file input-v3.cif (mmCIF, C-alpha atoms)
data_entry
#
loop_
_atom_site.group_PDB
_atom_site.id
_atom_site.type_symbol
_atom_site.label_atom_id
_atom_site.label_comp_id
_atom_site.auth_asym_id
_atom_site.auth_seq_id
_atom_site.Cartn_x
_atom_site.Cartn_y
_atom_site.Cartn_z
ATOM 1 C CA MET A 127 0.000 0.000 0.000
ATOM 2 C CA LYS A 128 1.255 3.516 -0.716
ATOM 3 C CA ASN A 129 1.790 5.868 2.191
ATOM 4 C CA ILE A 130 2.076 9.633 1.745
ATOM 5 C CA LYS A 131 3.742 11.792 4.373
ATOM 6 C CA ASN A 132 3.514 15.550 4.420
ATOM 7 C CA VAL A 133 7.032 16.678 5.310
ATOM 8 C CA GLY A 134 7.595 20.408 5.322
ATOM 9 C CA GLY A 135 4.793 20.870 2.831
ATOM 10 C CA VAL A 136 6.329 18.324 0.412
ATOM 11 C CA LEU A 137 4.513 15.058 -0.233
ATOM 12 C CA VAL A 138 6.921 12.120 0.090
ATOM 13 C CA LEU A 139 5.838 8.693 -1.184
ATOM 14 C CA SER A 140 7.037 5.466 0.376
ATOM 15 C CA LEU A 141 5.861 1.851 0.339
ATOM 16 C CA VAL A 142 4.647 0.394 3.602
ATOM 17 C CA LEU A 143 2.929 -2.805 4.630
ATOM 18 C CA ILE A 144 -0.340 -3.080 6.507
ATOM 19 C CA GLY A 145 0.575 -3.752 10.110
ATOM 20 C CA SER A 146 3.546 -1.369 10.132
ATOM 21 C CA VAL A 147 3.854 1.386 12.720
ATOM 22 C CA TYR A 148 2.478 4.702 11.490
ATOM 23 C CA ALA A 149 3.126 8.155 12.860
ATOM 24 C CA GLU A 150 0.126 10.167 13.968
ATOM 25 C CA GLY A 151 -0.908 12.547 11.210
ATOM 26 C CA ASP A 152 0.441 10.442 8.321
ATOM 27 C CA ILE A 153 -1.711 10.722 5.211
ATOM 28 C CA HIS A 154 -2.771 7.435 3.610
ATOM 29 C CA HIS A 155 -4.305 6.604 0.228
ATOM 30 C CA THR A 156 -7.583 4.693 0.383
ATOM 31 C CA THR A 157 -8.774 2.165 -2.161
ATOM 32 C CA ASP A 158 -11.227 4.660 -3.689
ATOM 33 C CA ASP A 159 -8.467 7.235 -4.338
ATOM 34 C CA GLY A 160 -9.335 9.282 -1.281
ATOM 35 C CA GLN A 161 -6.930 10.089 1.534
ATOM 36 C CA THR A 162 -7.194 9.853 5.297
ATOM 37 C CA THR A 163 -5.118 10.223 8.453
ATOM 38 C CA THR A 164 -6.726 7.099 9.888
ATOM 39 C CA SER A 165 -4.106 4.338 9.990
ATOM 40 C CA PRO A 166 -4.785 1.394 7.635
ATOM 41 C CA ASP A 167 -4.424 -0.801 10.733
ATOM 42 C CA SER A 168 -7.773 0.631 11.862
ATOM 43 C CA TRP A 169 -9.622 0.276 8.576
ATOM 44 C CA ASN A 170 -12.657 -1.969 8.874
ATOM 45 C CA ASN A 171 -13.388 -2.123 5.129
ATOM 46 C CA CYS A 172 -16.770 -0.685 6.061
ATOM 47 C CA GLY A 173 -17.896 -3.993 7.518
ATOM 48 C CA LYS A 174 -17.273 -6.177 4.477
ATOM 49 C CA THR A 175 -17.608 -9.904 5.034
ATOM 50 C CA ALA A 176 -15.243 -12.486 3.557
ATOM 51 C CA VAL A 177 -17.420 -12.649 0.438
ATOM 52 C CA GLY A 178 -17.493 -8.872 0.036
ATOM 53 C CA ILE A 179 -20.928 -8.061 1.449
ATOM 54 C CA VAL A 180 -21.043 -4.675 3.180
ATOM 55 C CA THR A 181 -22.391 -4.962 6.715
ATOM 56 C CA ALA A 182 -21.857 -1.324 7.709
ATOM 57 C CA GLY A 183 -24.870 0.930 8.069
ATOM 58 C CA PRO A 184 -25.564 3.824 5.658
ATOM 59 C CA GLN A 185 -22.920 6.532 5.612
ATOM 60 C CA ALA A 186 -22.681 10.304 5.171
ATOM 61 C CA PRO A 187 -22.019 12.785 3.565
ATOM 62 C CA ARG A 188 -23.537 12.376 0.125
ATOM 63 C CA ASP A 189 -24.822 14.170 -2.946
ATOM 64 C CA ILE A 190 -28.283 15.087 -1.678
ATOM 65 C CA ASP A 191 -29.568 15.718 -5.208
ATOM 66 C CA SER A 192 -29.491 11.940 -5.728
ATOM 67 C CA ARG A 193 -31.948 9.674 -3.930
ATOM 68 C CA ALA A 194 -30.212 6.471 -5.038
ATOM 69 C CA GLY A 195 -28.815 3.984 -2.541
ATOM 70 C CA THR A 196 -28.966 0.265 -1.821
ATOM 71 C CA ASN A 197 -28.032 0.164 1.875
ATOM 72 C CA THR A 198 -31.265 -0.813 3.609
ATOM 73 C CA THR A 199 -29.871 -1.230 7.121
ATOM 74 C CA GLN A 200 -32.761 -0.213 9.315
ATOM 75 C CA PHE A 201 -32.688 2.067 12.327
ATOM 76 C CA ARG A 202 -35.370 4.239 13.775
ATOM 77 C CA THR A 203 -35.547 7.706 12.247
ATOM 78 C CA THR A 204 -35.234 10.128 15.122
ATOM 79 C CA TYR A 205 -37.792 12.526 16.508
ATOM 80 C CA LYS A 206 -37.992 16.056 15.221
ATOM 81 C CA THR A 207 -35.563 18.316 17.026
ATOM 82 C CA ASN A 208 -38.219 19.965 19.181
ATOM 83 C CA LYS A 209 -38.429 16.639 21.033
ATOM 84 C CA MET A 210 -34.647 16.287 21.376
ATOM 85 C CA ASN A 211 -31.793 18.147 23.063
ATOM 86 C CA LEU A 212 -29.101 20.198 21.332
ATOM 87 C CA CYS A 213 -25.721 18.732 22.291
ATOM 88 C CA ASP A 214 -23.165 20.124 19.828
ATOM 89 C CA ILE A 215 -22.705 22.792 17.171
ATOM 90 C CA HIS A 216 -19.667 22.731 14.909
ATOM 91 C CA TYR A 217 -18.760 23.604 11.340
ATOM 92 C CA HIS A 218 -16.533 22.421 8.502
ATOM 93 C CA TRP A 219 -14.480 24.500 6.076
ATOM 94 C CA ASN A 220 -16.071 23.622 2.732
ATOM 95 C CA ALA A 221 -19.319 21.681 2.672
ATOM 96 C CA GLU A 222 -19.296 17.943 3.272
ATOM 97 C CA HIS A 223 -22.575 17.430 1.433
ATOM 98 C CA LYS A 224 -22.988 18.278 -2.239
ATOM 99 C CA SER A 225 -25.996 19.898 -3.923
ATOM 100 C CA THR A 226 -26.610 22.239 -6.839
ATOM 101 C CA ALA A 227 -26.153 25.334 -4.649
ATOM 102 C CA PHE A 228 -22.777 24.078 -3.397
ATOM 103 C CA SER A 229 -21.249 21.972 -6.135
ATOM 104 C CA THR A 230 -17.867 23.635 -6.788
ATOM 105 C CA PHE A 231 -15.179 21.156 -5.766
ATOM 106 C CA VAL A 232 -12.300 22.593 -3.722
ATOM 107 C CA GLY A 233 -9.257 20.324 -3.583
ATOM 108 C CA ILE A 234 -6.818 20.851 -0.719
ATOM 109 C CA ASP A 235 -3.372 19.233 -0.708
ATOM 110 C CA ASP A 236 -3.863 17.423 2.610
ATOM 111 C CA SER A 237 -7.392 16.352 1.525
ATOM 112 C CA GLU A 238 -8.792 16.891 5.033
ATOM 113 C CA HIS A 239 -10.614 20.025 3.928
ATOM 114 C CA SER A 240 -11.367 19.048 0.328
ATOM 115 C CA GLY A 241 -15.075 19.506 -0.176
ATOM 116 C CA TRP A 242 -17.792 21.519 -1.892
ATOM 117 C CA ALA A 243 -18.284 25.256 -2.131
ATOM 118 C CA ILE A 244 -20.810 27.833 -3.239
ATOM 119 C CA ILE A 245 -17.965 29.624 -5.044
ATOM 120 C CA GLU A 246 -14.209 29.110 -5.151
ATOM 121 C CA PRO A 247 -12.535 30.432 -1.973
ATOM 122 C CA ALA A 248 -10.348 33.516 -2.312
ATOM 123 C CA SER A 249 -7.309 31.318 -1.713
ATOM 124 C CA THR A 250 -6.305 27.858 -0.548
ATOM 125 C CA ASP A 251 -2.716 28.970 0.132
ATOM 126 C CA PRO A 252 -2.041 28.327 3.852
ATOM 127 C CA VAL A 253 0.055 31.492 4.255
ATOM 128 C CA TYR A 254 -2.630 33.713 2.710
ATOM 129 C CA ARG A 255 -5.314 32.024 4.759
ATOM 130 C CA ALA A 256 -3.398 32.487 7.999
ATOM 131 C CA GLU A 257 -2.935 36.183 7.238
ATOM 132 C CA HIS A 258 -6.642 36.665 6.438
ATOM 133 C CA ASP A 259 -8.136 34.364 9.071
ATOM 134 C CA ILE A 260 -11.380 35.849 10.420
ATOM 135 C CA ALA A 261 -9.833 35.615 13.893
ATOM 136 C CA HIS A 262 -8.013 38.857 12.969
ATOM 137 C CA LEU A 263 -11.373 40.629 13.020
ATOM 138 C CA LEU A 264 -11.260 40.325 16.809
ATOM 139 C CA GLU A 265 -9.043 42.151 19.267
ATOM 140 C CA GLY A 266 -6.773 40.449 21.759
ATOM 141 C CA ASP A 267 -5.216 36.985 21.847
ATOM 142 C CA VAL A 268 -7.441 34.636 19.837
ATOM 143 C CA HIS A 269 -6.866 31.261 18.191
ATOM 144 C CA ASP A 270 -6.866 30.721 14.421
ATOM 145 C CA ILE A 271 -10.272 29.674 13.121
ATOM 146 C CA GLY A 272 -9.351 28.348 9.682
ATOM 147 C CA VAL A 273 -11.886 30.433 7.754
ATOM 148 C CA ILE A 274 -11.545 33.537 5.568
ATOM 149 C CA VAL A 275 -14.161 35.833 4.051
ATOM 150 C CA GLY A 276 -15.705 34.224 0.968
ATOM 151 C CA ASP A 277 -15.330 30.676 2.281
ATOM 152 C CA THR A 278 -18.106 28.110 2.332
ATOM 153 C CA ILE A 279 -18.795 26.371 5.632
ATOM 154 C CA GLU A 280 -21.241 23.630 6.585
ATOM 155 C CA VAL A 281 -22.748 23.987 10.048
ATOM 156 C CA HIS A 282 -23.980 20.948 11.981
ATOM 157 C CA SER A 283 -26.389 21.321 14.879
ATOM 158 C CA VAL A 284 -26.410 17.925 16.564
ATOM 159 C CA HIS A 285 -29.412 16.825 18.626
ATOM 160 C CA THR A 286 -29.588 13.844 20.943
ATOM 161 C CA SER A 287 -32.227 11.780 22.700
ATOM 162 C CA CYS A 288 -30.115 11.985 25.882
ATOM 163 C CA ASP A 289 -31.027 14.362 28.703
ATOM 164 C CA VAL A 290 -28.332 17.042 28.315
ATOM 165 C CA LYS A 291 -28.278 20.848 28.455
ATOM 166 C CA TYR A 292 -26.226 22.507 25.706
ATOM 167 C CA ASN A 293 -25.270 25.579 27.742
ATOM 168 C CA GLU A 294 -23.781 23.383 30.477
ATOM 169 C CA LEU A 295 -21.608 21.287 28.121
ATOM 170 C CA HIS A 296 -17.917 21.927 27.421
ATOM 171 C CA PRO A 297 -17.404 22.639 23.691
ATOM 172 C CA GLU A 298 -14.127 20.690 23.482
ATOM 173 C CA ASN A 299 -15.993 17.424 24.093
ATOM 174 C CA GLY A 300 -17.715 17.720 20.707
ATOM 175 C CA LEU A 301 -19.955 14.750 19.928
ATOM 176 C CA GLY A 302 -18.953 13.276 23.284
ATOM 177 C CA ASN A 303 -21.509 15.688 24.736
ATOM 178 C CA CYS A 304 -24.289 13.812 22.962
ATOM 179 C CA SER A 305 -24.153 10.710 25.183
ATOM 180 C CA THR A 306 -23.980 10.113 28.919
ATOM 181 C CA SER A 307 -23.114 7.218 31.216
ATOM 182 C CA VAL A 308 -26.807 6.308 31.444
ATOM 183 C CA CYS A 309 -27.530 7.108 27.781
ATOM 184 C CA ALA A 310 -24.648 5.497 25.931
ATOM 185 C CA ASN A 311 -26.441 4.773 22.643
ATOM 186 C CA PRO A 312 -28.497 7.867 21.843
ATOM 187 C CA GLN A 313 -30.548 8.640 18.780
ATOM 188 C CA LEU A 314 -28.943 11.499 16.847
ATOM 189 C CA ARG A 315 -30.382 14.019 14.405
ATOM 190 C CA VAL A 316 -28.208 16.615 12.668
ATOM 191 C CA ILE A 317 -29.575 19.794 11.148
ATOM 192 C CA ALA A 318 -27.105 20.847 8.431
ATOM 193 C CA GLN A 319 -26.883 24.239 6.724
ATOM 194 C CA VAL A 320 -24.330 25.540 4.221
ATOM 195 C CA PHE A 321 -23.230 29.192 4.459
ATOM 196 C CA LYS A 322 -21.048 31.638 2.586
ATOM 197 C CA VAL A 323 -18.949 33.777 4.958
ATOM 198 C CA VAL A 324 -19.523 37.479 4.208
ATOM 199 C CA GLU A 325 -18.651 40.827 5.793
ATOM 200 C CA HIS A 326 -21.976 42.635 5.408
ATOM 201 C CA ASN A 327 -25.739 42.026 5.188
ATOM 202 C CA ALA A 328 -25.626 38.405 6.346
ATOM 203 C CA ASP A 329 -28.667 36.209 6.911
ATOM 204 C CA VAL A 330 -27.181 34.873 10.164
ATOM 205 C CA THR A 331 -24.913 36.604 12.657
ATOM 206 C CA ASP A 332 -24.565 33.998 15.410
ATOM 207 C CA LEU A 333 -24.512 30.201 15.223
ATOM 208 C CA ASP A 334 -26.544 30.038 18.408
ATOM 209 C CA GLN A 335 -29.476 31.302 16.326
ATOM 210 C CA PRO A 336 -31.729 28.285 15.656
ATOM 211 C CA MET A 337 -31.520 27.218 12.021
ATOM 212 C CA LYS A 338 -34.921 27.389 10.356
ATOM 213 C CA HIS A 339 -35.628 24.838 7.647
ATOM 214 C CA HIS A 340 -38.534 26.494 5.883
ATOM 215 C CA ASP A 341 -37.347 25.728 2.377
ATOM 216 C CA LYS A 342 -36.321 22.610 0.503
ATOM 217 C CA ARG A 343 -34.309 20.046 2.427
ATOM 218 C CA VAL A 344 -33.433 16.361 2.379
ATOM 219 C CA VAL A 345 -33.897 13.931 5.277
ATOM 220 C CA TYR A 346 -31.980 10.644 5.095
ATOM 221 C CA LYS A 347 -30.363 7.914 7.178
ATOM 222 C CA GLY A 348 -26.585 8.139 7.463
ATOM 223 C CA SER A 349 -23.710 8.318 9.920
ATOM 224 C CA THR A 350 -21.343 10.744 11.582
ATOM 225 C CA THR A 351 -18.807 12.410 9.288
ATOM 226 C CA GLY A 352 -15.383 14.020 9.774
ATOM 227 C CA ALA A 353 -12.069 13.606 7.963
ATOM 228 C CA LYS A 354 -11.008 10.421 9.758
ATOM 229 C CA HIS A 355 -13.746 8.370 8.110
ATOM 230 C CA ASN A 356 -13.757 7.365 4.460
ATOM 231 C CA ASN A 357 -15.032 4.624 2.168
ATOM 232 C CA ASP A 358 -12.608 2.159 3.766
ATOM 233 C CA HIS A 359 -13.227 3.194 7.375
ATOM 234 C CA CYS A 360 -16.930 3.686 8.044
ATOM 235 C CA SER A 361 -18.575 5.339 11.007
ATOM 236 C CA PRO A 362 -20.626 2.963 13.188
ATOM 237 C CA LEU A 363 -22.862 5.729 14.563
ATOM 238 C CA GLN A 364 -26.378 6.102 13.165
ATOM 239 C CA VAL A 365 -27.600 9.587 12.354
ATOM 240 C CA THR A 366 -30.779 11.039 10.866
ATOM 241 C CA TRP A 367 -29.646 13.874 8.607
ATOM 242 C CA ASP A 368 -31.750 16.934 7.818
ATOM 243 C CA VAL A 369 -29.819 18.919 5.193
ATOM 244 C CA LYS A 370 -30.991 22.184 3.711
ATOM 245 C CA LYS A 371 -30.509 22.304 -0.082
ATOM 246 C CA THR A 372 -30.194 26.073 -0.325
ATOM 247 C CA ALA A 373 -27.312 28.154 1.015
ATOM 248 C CA ALA A 374 -27.384 31.253 3.219
ATOM 249 C CA THR A 375 -24.835 33.832 4.378
ATOM 250 C CA ILE A 376 -23.174 34.237 7.767
ATOM 251 C CA ASP A 377 -21.424 37.289 9.182
ATOM 252 C CA ALA A 378 -17.638 36.850 9.412
ATOM 253 C CA HIS A 379 -17.260 38.903 12.584
ATOM 254 C CA GLY A 380 -20.151 37.119 14.273
ATOM 255 C CA LEU A 381 -18.712 33.722 13.319
ATOM 256 C CA ALA A 382 -15.320 34.758 14.694
ATOM 257 C CA GLU A 383 -16.846 35.923 17.993
ATOM 258 C CA TRP A 384 -18.881 32.726 18.336
ATOM 259 C CA SER A 385 -15.837 30.571 17.526
ATOM 260 C CA HIS A 386 -13.754 32.352 20.145
ATOM 261 C CA LYS A 387 -16.512 32.101 22.756
ATOM 262 C CA ARG A 388 -17.134 28.406 22.067
ATOM 263 C CA GLU A 389 -13.446 27.499 21.515
ATOM 264 C CA GLN A 390 -14.269 26.321 17.994
ATOM 265 C CA HIS A 391 -12.460 26.203 14.656
ATOM 266 C CA ALA A 392 -13.210 24.760 11.213
ATOM 267 C CA HIS A 393 -13.322 20.962 11.189
ATOM 268 C CA GLY A 394 -12.050 18.663 8.451
ATOM 269 C CA VAL A 395 -14.259 17.226 5.720
ATOM 270 C CA ARG A 396 -15.083 13.600 5.053
ATOM 271 C CA GLU A 397 -14.863 12.616 1.390
ATOM 272 C CA LEU A 398 -18.182 12.276 -0.404
ATOM 273 C CA VAL A 399 -19.669 8.791 -0.099
ATOM 274 C CA THR A 400 -20.593 7.575 -3.576
ATOM 275 C CA ARG A 401 -20.757 3.775 -3.331
ATOM 276 C CA SER A 402 -24.388 2.675 -3.587
ATOM 277 C CA GLU A 403 -23.974 -0.055 -0.961
ATOM 278 C CA LEU A 404 -22.962 2.636 1.569
ATOM 279 C CA LEU A 405 -25.904 4.951 0.820
ATOM 280 C CA SER A 406 -29.474 4.663 2.049
ATOM 281 C CA PRO A 407 -32.300 5.151 -0.458
ATOM 282 C CA ILE A 408 -33.910 8.544 0.146
ATOM 283 C CA LYS A 409 -37.680 8.621 0.273
ATOM 284 C CA ARG A 410 -39.630 11.577 -1.028
ATOM 285 C CA ASN A 411 -40.632 13.558 2.027
ATOM 286 C CA LYS A 412 -43.137 16.346 2.342
ATOM 287 C CA ASN A 413 -41.542 19.615 3.431
ATOM 288 C CA HIS A 414 -42.435 19.392 7.130
ATOM 289 C CA HIS A 415 -41.035 21.976 9.511
ATOM 290 C CA ASP A 416 -39.348 21.191 12.827
#
call {"tool": "encode", "arguments": {"input": "input-v3.cif", "output": "structure tokens"}}
result
Amino acid sequence: MKNIKNVGGVLVLSLVLIGSVYAEGDIHHTTDDGQTTTSPDSWNNCGKTAVGIVTAGPQAPRDIDSRAGTNTTQFRTTYKTNKMNLCDIHYHWNAEHKSTAFSTFVGIDDSEHSGWAIIEPASTDPVYRAEHDIAHLLEGDVHDIGVIVGDTIEVHSVHTSCDVKYNELHPENGLGNCSTSVCANPQLRVIAQVFKVVEHNADVTDLDQPMKHHDKRVVYKGSTTGAKHNNDHCSPLQVTWDVKKTAATIDAHGLAEWSHKREQHAHGVRELVTRSELLSPIKRNKNHHD
């Protein structure tokens, strides 16, 4: 198997064997030409049996303009969010899902942020991005956020069936906030919205504003996402996704303030899942509101 290491910004190829010792952060090629920092030692081939049958549940993200999928693993579609508890809000630089409104592919050298955009970002150069990080809109000592004006982000508001209170949870725990010792296997529903980061006249100024899904959206059965999963290493967690098909705008300064307050930054992107056996069939749903 080929292994790619990012050394001083230069990609160095070497041949390694499965079972070798890998350094944390190494970038590895997957069998579907994607890349991941998850060690091949941990790949589960998405639950394939000895005869090649996929036993993993349906995965995410996906092209939500397509309803096709042959993974019929059943799990209960979760309640609407007004019957659940918010447990985590985070966002990804570039959209993980793809739809007509965000269908411009942005390829990043390390692949962890390669995803879909409303428009091309102003730059993918790491030096330029560091100099123009929206964190610089704030005064004082703040951490880099990983977003510049003009970027596309995908925001995930995660809801759980567990009895938790969002305002009492520590942001660094992420999805760990969505389960408890007495609620170890919660039902999860994620409201997803894609935004363009702008300086003026934004639709949204604060990610703590509830996201309203009053226009076209897609509801489907999938999994958790993030850059450490791919088509060789599936997520075992079951998620009901509620993804808005249209994009909105978010205020750069407001996003920077929220990120600083919640100790957040842009997360990595999981490659688009395209294999039919890893996608659930999407039913035609009436446009109900939560």
call {"tool": "residues_around", "arguments": {"input": "input-v3.cif", "residues": "A:Ser240", "least_positions_apart": "2", "cutoff": "9 Å", "atoms": "all atoms listed in the file", "output": "list in words"}}
result
Trp219, Asn220, Ala221, Glu222, Phe231, Val232, Gly233, Ile234, Asp235, Asp236, Ser237, Glu238, Trp242, Gly394, Val395, Arg396 and Glu397 of chain A
call {"tool": "write_last_selection", "arguments": {"input": "input-v3.cif", "atoms": "C-alpha atoms", "output": "compact mmCIF listing (two decimals), in the frame of the given file"}}
result
# COMPACT_ATOMS: atom_id res chain seq x y z
CA TRP A 219 -14.48 24.50 6.08
CA ASN A 220 -16.07 23.62 2.73
CA ALA A 221 -19.32 21.68 2.67
CA GLU A 222 -19.30 17.94 3.27
CA PHE A 231 -15.18 21.16 -5.77
CA VAL A 232 -12.30 22.59 -3.72
CA GLY A 233 -9.26 20.32 -3.58
CA ILE A 234 -6.82 20.85 -0.72
CA ASP A 235 -3.37 19.23 -0.71
CA ASP A 236 -3.86 17.42 2.61
CA SER A 237 -7.39 16.35 1.52
CA GLU A 238 -8.79 16.89 5.03
CA TRP A 242 -17.79 21.52 -1.89
CA GLY A 394 -12.05 18.66 8.45
CA VAL A 395 -14.26 17.23 5.72
CA ARG A 396 -15.08 13.60 5.05
CA GLU A 397 -14.86 12.62 1.39
call {"tool": "closest_atom_pairs", "arguments": {"input": "input-v3.cif", "of": "stretch 357-377 of chain A", "to": "stretch 307-329 of chain A", "cutoff": "6 Å", "atoms": "all atoms listed in the file", "output": "JSON lines"}}
result
{"residue": "A:Val365", "atom": "CA", "partner": "A:Leu314", "partner_atom": "CA", "distance": 5.1}
{"residue": "A:Thr366", "atom": "CA", "partner": "A:Arg315", "partner_atom": "CA", "distance": 4.6}
{"residue": "A:Trp367", "atom": "CA", "partner": "A:Val316", "partner_atom": "CA", "distance": 5.1}
{"residue": "A:Asp368", "atom": "CA", "partner": "A:Ile317", "partner_atom": "CA", "distance": 4.9}
{"residue": "A:Val369", "atom": "CA", "partner": "A:Ala318", "partner_atom": "CA", "distance": 4.6}
{"residue": "A:Lys370", "atom": "CA", "partner": "A:Gln319", "partner_atom": "CA", "distance": 5.5}
{"residue": "A:Ala373", "atom": "CA", "partner": "A:Val320", "partner_atom": "CA", "distance": 5.1}
{"residue": "A:Ala374", "atom": "CA", "partner": "A:Phe321", "partner_atom": "CA", "distance": 4.8}
{"residue": "A:Thr375", "atom": "CA", "partner": "A:Lys322", "partner_atom": "CA", "distance": 4.7}
{"residue": "A:Ile376", "atom": "CA", "partner": "A:Ala328", "partner_atom": "CA", "distance": 5.0}
{"residue": "A:Asp377", "atom": "CA", "partner": "A:Ala328", "partner_atom": "CA", "distance": 5.2}
call {"tool": "resolve_selection", "arguments": {"input": "input-v3.cif", "expression": "the PyMOL selection byres ((chain A and resi 260) around 6)", "output": "list in words"}}
result
Asp259, Ala261, His262, Leu263, Ile274 and Ala382 of chain A
call {"tool": "closest_residue", "arguments": {"input": "input-v3.cif", "among": "A:Pro166, A:Lys347, A:Ala182, A:His296", "to": "A:Asp152", "atoms": "all atoms listed in the file"}}
result
A:Pro166
call {"tool": "closest_residue", "arguments": {"input": "input-v3.cif", "among": "A:Trp169, A:Tyr205, A:Tyr217, A:Phe228", "to": "A:Asp191", "atoms": "only C-alpha atoms"}}
result
A:Phe228
call {"tool": "axis_aligned_box", "arguments": {"input": "input-v3.cif", "around": "stretch 358-367 of chain A", "padding_each_side": "6 Å", "output": "AutoDock Vina command-line options"}}
result
--center_x -21.7 --center_y 8.0 --center_z 9.2 --size_x 30.2 --size_y 23.7 --size_z 22.8
call {"tool": "closest_residue", "arguments": {"input": "input-v3.cif", "among": "A:Val268, A:Ala243, A:Cys172, A:Cys304", "to": "A:Glu389", "atoms": "all atoms listed in the file"}}
result
A:Val268
call {"tool": "residues_around", "arguments": {"input": "input-v3.cif", "residues": "A:His391", "least_positions_apart": "4", "cutoff": "10 Å", "atoms": "only C-alpha atoms", "output": "MDAnalysis selection string"}}
result
chainID A and resid 216:219 261 269:273 381:382 384:386
call {"tool": "atom_distance", "arguments": {"input": "input-v3.cif", "atom1": "atom CA of A:Asn357", "atom2": "atom CA of A:Asp158"}}
result
7.0 Å
call {"tool": "resolve_selection", "arguments": {"input": "input-v3.cif", "expression": "the PyMOL selection byres ((chain A and resi 404) around 10)", "output": "PDB file with C-alpha atoms, in the coordinates of the input"}}
result
ATOM      1  CA  CYS A 172     -16.770  -0.685   6.061  1.00  0.00           C
ATOM      2  CA  VAL A 180     -21.043  -4.675   3.180  1.00  0.00           C
ATOM      3  CA  THR A 181     -22.391  -4.962   6.715  1.00  0.00           C
ATOM      4  CA  ALA A 182     -21.857  -1.324   7.709  1.00  0.00           C
ATOM      5  CA  GLY A 183     -24.870   0.930   8.069  1.00  0.00           C
ATOM      6  CA  PRO A 184     -25.564   3.824   5.658  1.00  0.00           C
ATOM      7  CA  GLN A 185     -22.920   6.532   5.612  1.00  0.00           C
ATOM      8  CA  ALA A 186     -22.681  10.304   5.171  1.00  0.00           C
ATOM      9  CA  ARG A 188     -23.537  12.376   0.125  1.00  0.00           C
ATOM     10  CA  GLY A 195     -28.815   3.984  -2.541  1.00  0.00           C
ATOM     11  CA  THR A 196     -28.966   0.265  -1.821  1.00  0.00           C
ATOM     12  CA  ASN A 197     -28.032   0.164   1.875  1.00  0.00           C
ATOM     13  CA  THR A 198     -31.265  -0.813   3.609  1.00  0.00           C
ATOM     14  CA  THR A 199     -29.871  -1.230   7.121  1.00  0.00           C
ATOM     15  CA  GLY A 348     -26.585   8.139   7.463  1.00  0.00           C
ATOM     16  CA  ASN A 357     -15.032   4.624   2.168  1.00  0.00           C
ATOM     17  CA  CYS A 360     -16.930   3.686   8.044  1.00  0.00           C
ATOM     18  CA  VAL A 399     -19.669   8.791  -0.099  1.00  0.00           C
ATOM     19  CA  THR A 400     -20.593   7.575  -3.576  1.00  0.00           C
ATOM     20  CA  ARG A 401     -20.757   3.775  -3.331  1.00  0.00           C
ATOM     21  CA  SER A 402     -24.388   2.675  -3.587  1.00  0.00           C
ATOM     22  CA  GLU A 403     -23.974  -0.055  -0.961  1.00  0.00           C
ATOM     23  CA  LEU A 405     -25.904   4.951   0.820  1.00  0.00           C
ATOM     24  CA  SER A 406     -29.474   4.663   2.049  1.00  0.00           C
ATOM     25  CA  PRO A 407     -32.300   5.151  -0.458  1.00  0.00           C
TER      26      PRO A 407
END
call {"tool": "resolve_selection", "arguments": {"input": "input-v3.cif", "expression": "the PyMOL selection byres ((chain A and resi 297) around 9)", "output": "PyMOL selection string"}}
result
chain A and resi 214-215+295-296+298-300+303+388-390
call {"tool": "atom_distance", "arguments": {"input": "input-v3.cif", "atom1": "atom CA of A:Tyr254", "atom2": "atom CA of A:Ser229"}}
result
23.7 Å
call {"tool": "atom_distance", "arguments": {"input": "input-v3.cif", "atom1": "atom CA of A:Asn171", "atom2": "atom CA of A:Thr204"}}
result
27.0 Å
call {"tool": "build_atoms", "arguments": {"input": "input-v3.cif", "residues": "stretch 209-217 of chain A", "atoms": "N, CA and C atoms", "output": "CSV table (one decimal), keeping the file's coordinate frame"}}
result
chain,number,residue,atom,x,y,z
A,209,LYS,N,-38.3,17.7,20.0
A,209,LYS,CA,-38.4,16.6,21.0
A,209,LYS,C,-37.1,16.1,21.5
A,210,MET,N,-36.0,16.7,21.1
A,210,MET,CA,-34.6,16.3,21.4
A,210,MET,C,-33.9,17.4,22.0
A,211,ASN,N,-32.6,17.2,22.4
A,211,ASN,CA,-31.8,18.1,23.1
A,211,ASN,C,-30.6,18.5,22.2
A,212,LEU,N,-30.3,19.8,22.0
A,212,LEU,CA,-29.1,20.2,21.3
A,212,LEU,C,-27.9,19.8,22.2
A,213,CYS,N,-26.9,19.2,21.5
A,213,CYS,CA,-25.7,18.7,22.3
A,213,CYS,C,-24.4,19.2,21.7
A,214,ASP,N,-24.4,19.7,20.4
A,214,ASP,CA,-23.2,20.1,19.8
A,214,ASP,C,-23.5,21.0,18.6
A,215,ILE,N,-22.7,22.0,18.4
A,215,ILE,CA,-22.7,22.8,17.2
A,215,ILE,C,-21.3,22.9,16.7
A,216,HIS,N,-21.0,22.6,15.5
A,216,HIS,CA,-19.7,22.7,14.9
A,216,HIS,C,-19.8,23.0,13.4
A,217,TYR,N,-18.7,23.3,12.8
A,217,TYR,CA,-18.8,23.6,11.3
A,217,TYR,C,-17.5,23.1,10.6
